[in-house]
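S.K.: Sharing a structure with you now.
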Amino acid sequence: MLTKDSSILIVGGGIFGLSTAYHRAKAGYTKITMLEKGDAIPSPLSAGNDLNKIVRAEYEDPFYAELALSAIEELGSNPLFAPHYSQVGYLLGNSAAAPEKSKRSLAKSMASIERHPAFATQITAINSRDDVHAVASALDGPMDEWTGYFNRLAGYARAADALRSVYAAVKEMGVDVKLGRTAIIGQQITAKSWLITHIQLTPEEAAQLEGIPVTYSRDLGFFFEPDRKTGLLKISPSGAGFTNHQENGFSVPSERNDFIPPGEEEAVRKILREHLPRFADRPLVNSKICWCADTADSEYIIDFVPGRLPWKDLAVATGDSGHAFKMFPVAGVMDLLEKGKQDVERWKWKEGSNAATAEVSWREGTTRDLSELVLS
Ligand code: FSA
């Protein structure tokens, strides 16, 4: 039985680890140690170590929609998160040439919120160029026959800043943090990465785009308003991601991440030409591939590792699958440790699943391994 002076060891200081440390410390646990493999927090290994991340409650599955709504509530009201959250809305759609898969994914997103009371006055359908102009006049690219919707109850969080705040808070609350340790992986999880890059805007250019919604053309990719401190506008192309398979069959994050995979620069330029053509030729800066822990069905894994010693009482919270940052404020309240078992079926240990071969409904294209690419 867990008591407030039980020792809790958290492996990994990313979104799930930090959120767990925060909520356990807040609940009065006094002996919490957190190990982080990277040499700092925000860790260079955490996908959350990023300028910003999308915050939205659109999910094919209402379970996650509700969870994301509770996270949005917390992001807007908890003083630890609120300074890092901008509710600029979410402009989601498809360009005219989008493949059927992107169109299906968009329809599911819309269906997940359109009848929900929380969104009753928040959604505007986008059926024409004029409709885009009405909600985001700064987007002056062709966006011909671009259709979708604008959801006001969404936005983005300044991700690394939020990590810094929570890290400072957990240290203040007495969590013992040890940096530079090794973490664990398994076959249920595969490391996949996506390009994140930026263009640098001048203060005048940034001012023109201030407050634009997070815009996601499902078939092309997404971008955010320019960062209000630096003028950096973040862009990420759509795709099924890049793996880094080892001889042992596991894909793990690569040592070097500061590059643009072949073909991806053109994908970024296409996003710019479609939405913000005046910046289409701007140099791409601070480019990196951002690593996520993917599961076969995009469900997180938050469970005890089955079996006897040495794993007794070892729990994992992982499998972000590219959609966990928004849950930062609530991830650690998934009270596995106190209940002593996971009764949320979807988050159970996924023995026998293979994340490396799975097909994901909300992603376009096919996964490529870094070994297939000729990197410059
Ligand atoms: O919650 C979100 O909508 C973030 S998705 C961002 C993204 O780059 C995905 O587009 C991609 O498919 C992968 O899951 C990594 O995250």
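Each chain of the structure tokens is named A, B, ... in the order shown, its residues numbered from 1; ligands are numbered from 1 in display order.
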Give me the residues near Leu92 of chain A as a VMD selection string, where near means some atom within 8 Å (using only C-alpha atoms) and where sequence neighbours in that chain fewer than 2 positions away do not count.
M.R.: chain A and resid 90 94 106 148 to 150 215 to 218
S.K.: Take the selection from the previous step and output its residues with C-alpha atoms, as a PDB file, in the first residue's frame.
M.R.:
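Saved file result.pdb follows:
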```pdb
ATOM      1  CA  TYR A  90      -7.252  26.079 -34.339  1.00  0.00           C
ATOM      2  CA  ASN A  94      -7.518  20.457 -46.295  1.00  0.00           C
ATOM      3  CA  LEU A 106     -10.717  16.063 -40.887  1.00  0.00           C
ATOM      4  CA  GLY A 148     -12.426  22.891 -42.917  1.00  0.00           C
ATOM      5  CA  TYR A 149     -13.339  24.777 -39.768  1.00  0.00           C
ATOM      6  CA  PHE A 150     -12.094  27.207 -37.157  1.00  0.00           C
ATOM      7  CA  THR A 215      -3.297  26.270 -38.687  1.00  0.00           C
ATOM      8  CA  TYR A 216      -3.203  22.646 -39.753  1.00  0.00           C
ATOM      9  CA  SER A 217      -3.760  21.601 -43.360  1.00  0.00           C
ATOM     10  CA  ARG A 218      -3.983  17.913 -42.635  1.00  0.00           C
TER      11      ARG A 218
END
```
S.K.: Taking 4 positions as the minimum chain separation for residues in the same chain, which residues sit within 9 Å of Gln208 of chain A when counting only C-alpha atoms? Answer as a PyMOL selection string.
M.R.: chain A and resi 138+203-204
S.K.: For N, CA and C atoms, I'd like the residues from the last selection saved as a short mmCIF file (atom, residue, chain, number, x, y, z; two decimals), in the first residue's frame.
M.R.:
```
data_model
loop_
_atom_site.label_atom_id
_atom_site.label_comp_id
_atom_site.auth_asym_id
_atom_site.auth_seq_id
_atom_site.Cartn_x
_atom_site.Cartn_y
_atom_site.Cartn_z
N ALA A 138 -4.40 37.38 -41.91
CA ALA A 138 -2.97 37.42 -42.21
C ALA A 138 -2.55 36.29 -43.13
N PRO A 203 10.32 41.99 -36.26
CA PRO A 203 9.23 42.39 -35.35
C PRO A 203 7.99 42.88 -36.11
N GLU A 204 8.20 43.60 -37.23
CA GLU A 204 7.06 44.12 -37.99
C GLU A 204 6.28 42.96 -38.62
#
```
S.K.: Which neighbours of segment 234-236 of chain A fall inside 8 Å, counting only C-alpha atoms, when residues of the same chain fewer than 2 positions from it are skipped, and could you give them as number ranges by chain?
M.R.: A: 51-52, 194-199, 221-226, 232, 238, 268
S.K.: Please list as a VMD selection string every residue within 6 Å of segment 255-266 of chain A, counting only C-alpha atoms and excluding residues in the same chain fewer than 6 positions away.
M.R.: chain A and resid 287 to 289
S.K.: Using the selection just defined, write its residues with N, CA and C atoms as a tab-separated table (two decimals), in the first residue's frame.
M.R.:
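Okay, this is what ended up in selection_36.tsv:
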```
chain	number	residue	atom	x	y	z
A	287	SER	N	16.32	23.89	-37.30
A	287	SER	CA	15.61	22.69	-37.76
A	287	SER	C	16.05	21.50	-36.93
A	288	LYS	N	15.10	20.64	-36.65
A	288	LYS	CA	15.45	19.40	-35.93
A	288	LYS	C	14.37	18.36	-36.20
A	289	ILE	N	14.75	17.11	-36.04
A	289	ILE	CA	13.69	16.11	-36.01
A	289	ILE	C	13.36	15.86	-34.54
```
S.K.: Around ligand 1, at most 9 Å away and counting only C-alpha atoms and all ligand atoms, which residues are there? Put them as a PyMOL selection string, please.
M.R.: chain A and resi 47+53-59+192-196+216+218+221-222+236-241+290-292+294+298+320-326+360+362-364
S.K.: Excluding same-chain residues fewer than 6 positions from Thr124 of chain A, what lies within 12 Å of it counting only C-alpha atoms, as a PyMOL selection string?
M.R.: chain A and resi 89-93+110+113-114+131-132+134-135+147-153
S.K.: Any chance you could list, as a PyMOL selection string, the residues in segment 50-247 of chain A that come up strand (DSSP E or B) when DSSP is run on the backbone?
M.R.: chain A and resi 53-55+85-86+90-94+123-126+147-151+155-157+176-179+190-200+214-217+221-223+232-237+242-243+245
S.K.: With N, CA and C atoms retained, could you export that selection as a short mmCIF file (atom, residue, chain, number, x, y, z; two decimals), in the first residue's frame?
M.R.:
```cif
data_model
loop_
_atom_site.label_atom_id
_atom_site.label_comp_id
_atom_site.auth_asym_id
_atom_site.auth_seq_id
_atom_site.Cartn_x
_atom_site.Cartn_y
_atom_site.Cartn_z
N LYS A 53 3.56 23.65 -28.88
CA LYS A 53 2.83 22.43 -29.23
C LYS A 53 1.34 22.77 -29.36
N ILE A 54 0.67 22.04 -30.25
CA ILE A 54 -0.76 22.26 -30.46
C ILE A 54 -1.55 21.83 -29.22
N VAL A 55 -2.54 22.64 -28.88
CA VAL A 55 -3.48 22.27 -27.82
C VAL A 55 -4.87 22.25 -28.44
N TYR A 85 0.19 29.46 -22.20
CA TYR A 85 -0.89 28.99 -23.08
C TYR A 85 -1.50 30.18 -23.82
N SER A 86 -1.66 30.06 -25.15
CA SER A 86 -2.33 31.09 -25.93
C SER A 86 -3.50 30.46 -26.66
N TYR A 90 -7.84 27.16 -33.52
CA TYR A 90 -7.25 26.08 -34.34
C TYR A 90 -7.98 26.09 -35.68
N LEU A 91 -7.23 26.33 -36.74
CA LEU A 91 -7.81 26.38 -38.08
C LEU A 91 -7.39 25.10 -38.79
N LEU A 92 -8.37 24.22 -38.97
CA LEU A 92 -8.04 22.89 -39.46
C LEU A 92 -8.76 22.65 -40.77
N GLY A 93 -8.03 22.16 -41.77
CA GLY A 93 -8.69 21.94 -43.06
C GLY A 93 -7.83 21.16 -44.00
N ASN A 94 -8.25 21.17 -45.25
CA ASN A 94 -7.52 20.46 -46.29
C ASN A 94 -7.44 21.32 -47.54
N ILE A 123 -17.26 27.04 -32.96
CA ILE A 123 -16.81 26.52 -34.26
C ILE A 123 -17.42 27.31 -35.42
N THR A 124 -16.58 27.64 -36.40
CA THR A 124 -17.06 28.29 -37.62
C THR A 124 -16.62 27.44 -38.80
N ALA A 125 -17.57 27.11 -39.66
CA ALA A 125 -17.21 26.32 -40.85
C ALA A 125 -16.43 27.20 -41.82
N ILE A 126 -15.46 26.60 -42.48
CA ILE A 126 -14.65 27.34 -43.47
C ILE A 126 -14.88 26.67 -44.83
N THR A 147 -10.98 23.81 -47.39
CA THR A 147 -12.20 23.71 -46.57
C THR A 147 -11.87 23.07 -45.23
N GLY A 148 -12.65 23.44 -44.24
CA GLY A 148 -12.43 22.89 -42.92
C GLY A 148 -13.24 23.68 -41.91
N TYR A 149 -12.63 23.99 -40.78
CA TYR A 149 -13.34 24.78 -39.77
C TYR A 149 -12.35 25.49 -38.86
N PHE A 150 -12.88 26.47 -38.14
CA PHE A 150 -12.09 27.21 -37.16
C PHE A 150 -12.70 26.95 -35.78
N ASN A 151 -11.87 26.48 -34.87
CA ASN A 151 -12.32 26.16 -33.50
C ASN A 151 -11.64 27.11 -32.52
N GLY A 155 -5.66 26.16 -29.14
CA GLY A 155 -4.54 27.08 -29.35
C GLY A 155 -3.24 26.34 -29.24
N TYR A 156 -2.29 26.96 -28.52
CA TYR A 156 -1.00 26.29 -28.38
C TYR A 156 -0.37 26.67 -27.05
N ALA A 157 0.61 25.85 -26.65
CA ALA A 157 1.36 26.16 -25.43
C ALA A 157 2.82 26.33 -25.80
N ASP A 176 13.62 15.05 -5.82
CA ASP A 176 15.06 14.88 -6.02
C ASP A 176 15.28 14.48 -7.49
N VAL A 177 15.96 15.33 -8.25
CA VAL A 177 16.12 15.07 -9.68
C VAL A 177 17.57 14.69 -9.97
N LYS A 178 17.73 13.54 -10.67
CA LYS A 178 19.08 13.13 -11.06
C LYS A 178 19.15 13.05 -12.58
N LEU A 179 20.09 13.81 -13.14
CA LEU A 179 20.19 13.88 -14.60
C LEU A 179 21.24 12.91 -15.12
N THR A 190 7.87 2.42 -30.41
CA THR A 190 8.93 2.63 -31.40
C THR A 190 9.21 4.13 -31.49
N ALA A 191 10.46 4.48 -31.64
CA ALA A 191 10.80 5.90 -31.75
C ALA A 191 10.54 6.37 -33.18
N LYS A 192 9.74 7.43 -33.31
CA LYS A 192 9.47 8.03 -34.63
C LYS A 192 9.66 9.54 -34.52
N SER A 193 10.11 10.13 -35.61
CA SER A 193 10.39 11.56 -35.55
C SER A 193 9.75 12.31 -36.71
N TRP A 194 9.54 13.60 -36.48
CA TRP A 194 8.99 14.50 -37.50
C TRP A 194 9.82 15.77 -37.52
N LEU A 195 9.88 16.38 -38.70
CA LEU A 195 10.66 17.62 -38.81
C LEU A 195 9.93 18.78 -38.12
N ILE A 196 10.70 19.54 -37.36
CA ILE A 196 10.24 20.82 -36.82
C ILE A 196 11.23 21.86 -37.31
N THR A 197 10.73 22.91 -37.92
CA THR A 197 11.65 23.96 -38.37
C THR A 197 10.98 25.32 -38.16
N HIS A 198 11.72 26.39 -38.43
CA HIS A 198 11.20 27.73 -38.16
C HIS A 198 11.67 28.68 -39.24
N ILE A 199 10.92 29.78 -39.40
CA ILE A 199 11.47 30.90 -40.15
C ILE A 199 11.54 32.09 -39.19
N GLN A 200 12.55 32.92 -39.41
CA GLN A 200 12.74 34.09 -38.54
C GLN A 200 12.00 35.28 -39.13
N VAL A 214 -3.58 28.45 -34.67
CA VAL A 214 -2.74 27.33 -35.08
C VAL A 214 -3.42 26.78 -36.33
N THR A 215 -2.68 26.67 -37.43
CA THR A 215 -3.30 26.27 -38.69
C THR A 215 -2.73 24.94 -39.14
N TYR A 216 -3.63 24.00 -39.40
CA TYR A 216 -3.20 22.65 -39.75
C TYR A 216 -3.94 22.23 -41.02
N SER A 217 -3.23 22.23 -42.14
CA SER A 217 -3.76 21.60 -43.36
C SER A 217 -3.36 20.14 -43.24
N GLY A 221 0.61 20.04 -43.46
CA GLY A 221 1.34 20.25 -42.20
C GLY A 221 0.76 21.44 -41.45
N PHE A 222 1.47 21.85 -40.40
CA PHE A 222 0.88 22.89 -39.54
C PHE A 222 1.92 23.94 -39.14
N PHE A 223 1.41 25.10 -38.68
CA PHE A 223 2.29 26.16 -38.20
C PHE A 223 1.56 26.97 -37.13
N LEU A 232 10.18 33.75 -34.01
CA LEU A 232 10.32 32.50 -34.75
C LEU A 232 8.94 31.90 -35.01
N LEU A 233 8.69 31.55 -36.27
CA LEU A 233 7.41 30.92 -36.64
C LEU A 233 7.69 29.44 -36.90
N LYS A 234 7.07 28.58 -36.10
CA LYS A 234 7.37 27.14 -36.20
C LYS A 234 6.47 26.48 -37.24
N ILE A 235 7.08 25.56 -38.00
CA ILE A 235 6.36 24.84 -39.06
C ILE A 235 6.72 23.36 -38.96
N SER A 236 5.74 22.48 -39.19
CA SER A 236 6.03 21.04 -39.20
C SER A 236 5.20 20.37 -40.29
N PRO A 237 5.86 19.69 -41.24
CA PRO A 237 5.10 19.04 -42.31
C PRO A 237 4.42 17.75 -41.85
N PHE A 242 9.76 9.43 -39.32
CA PHE A 242 11.05 8.77 -39.62
C PHE A 242 11.44 7.91 -38.42
N THR A 243 11.87 6.68 -38.71
CA THR A 243 12.37 5.79 -37.65
C THR A 243 13.89 5.74 -37.72
N HIS A 245 15.98 2.52 -37.03
CA HIS A 245 16.11 1.13 -36.59
C HIS A 245 17.56 0.72 -36.39
#
```
S.K.: Kindly indicate which residue among A:Ala96, A:Met334, A:Ala27, A:Ser251 lies nearest to Ala356 of chain A, using only C-alpha atoms for the distances.
M.R.: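 With only C-alpha atoms as the atom set, the closest residue is A:Ser251.
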S.K.: Figure out the distance between atom CA of Ile15 of chain A and atom CA of Val285 of chain A, please, to one decimal in Å.
M.R.: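 Pair atom CA of Val285 of chain A / atom CA of Ile15 of chain A returns 25.1 Å.
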S.K.: Name the residues of segment 126-220 of chain A that come out as helix (DSSP H, G or I) in a backbone DSSP run; write them as number ranges by chain.
M.R.: A: 129-135, 159-172, 203-209
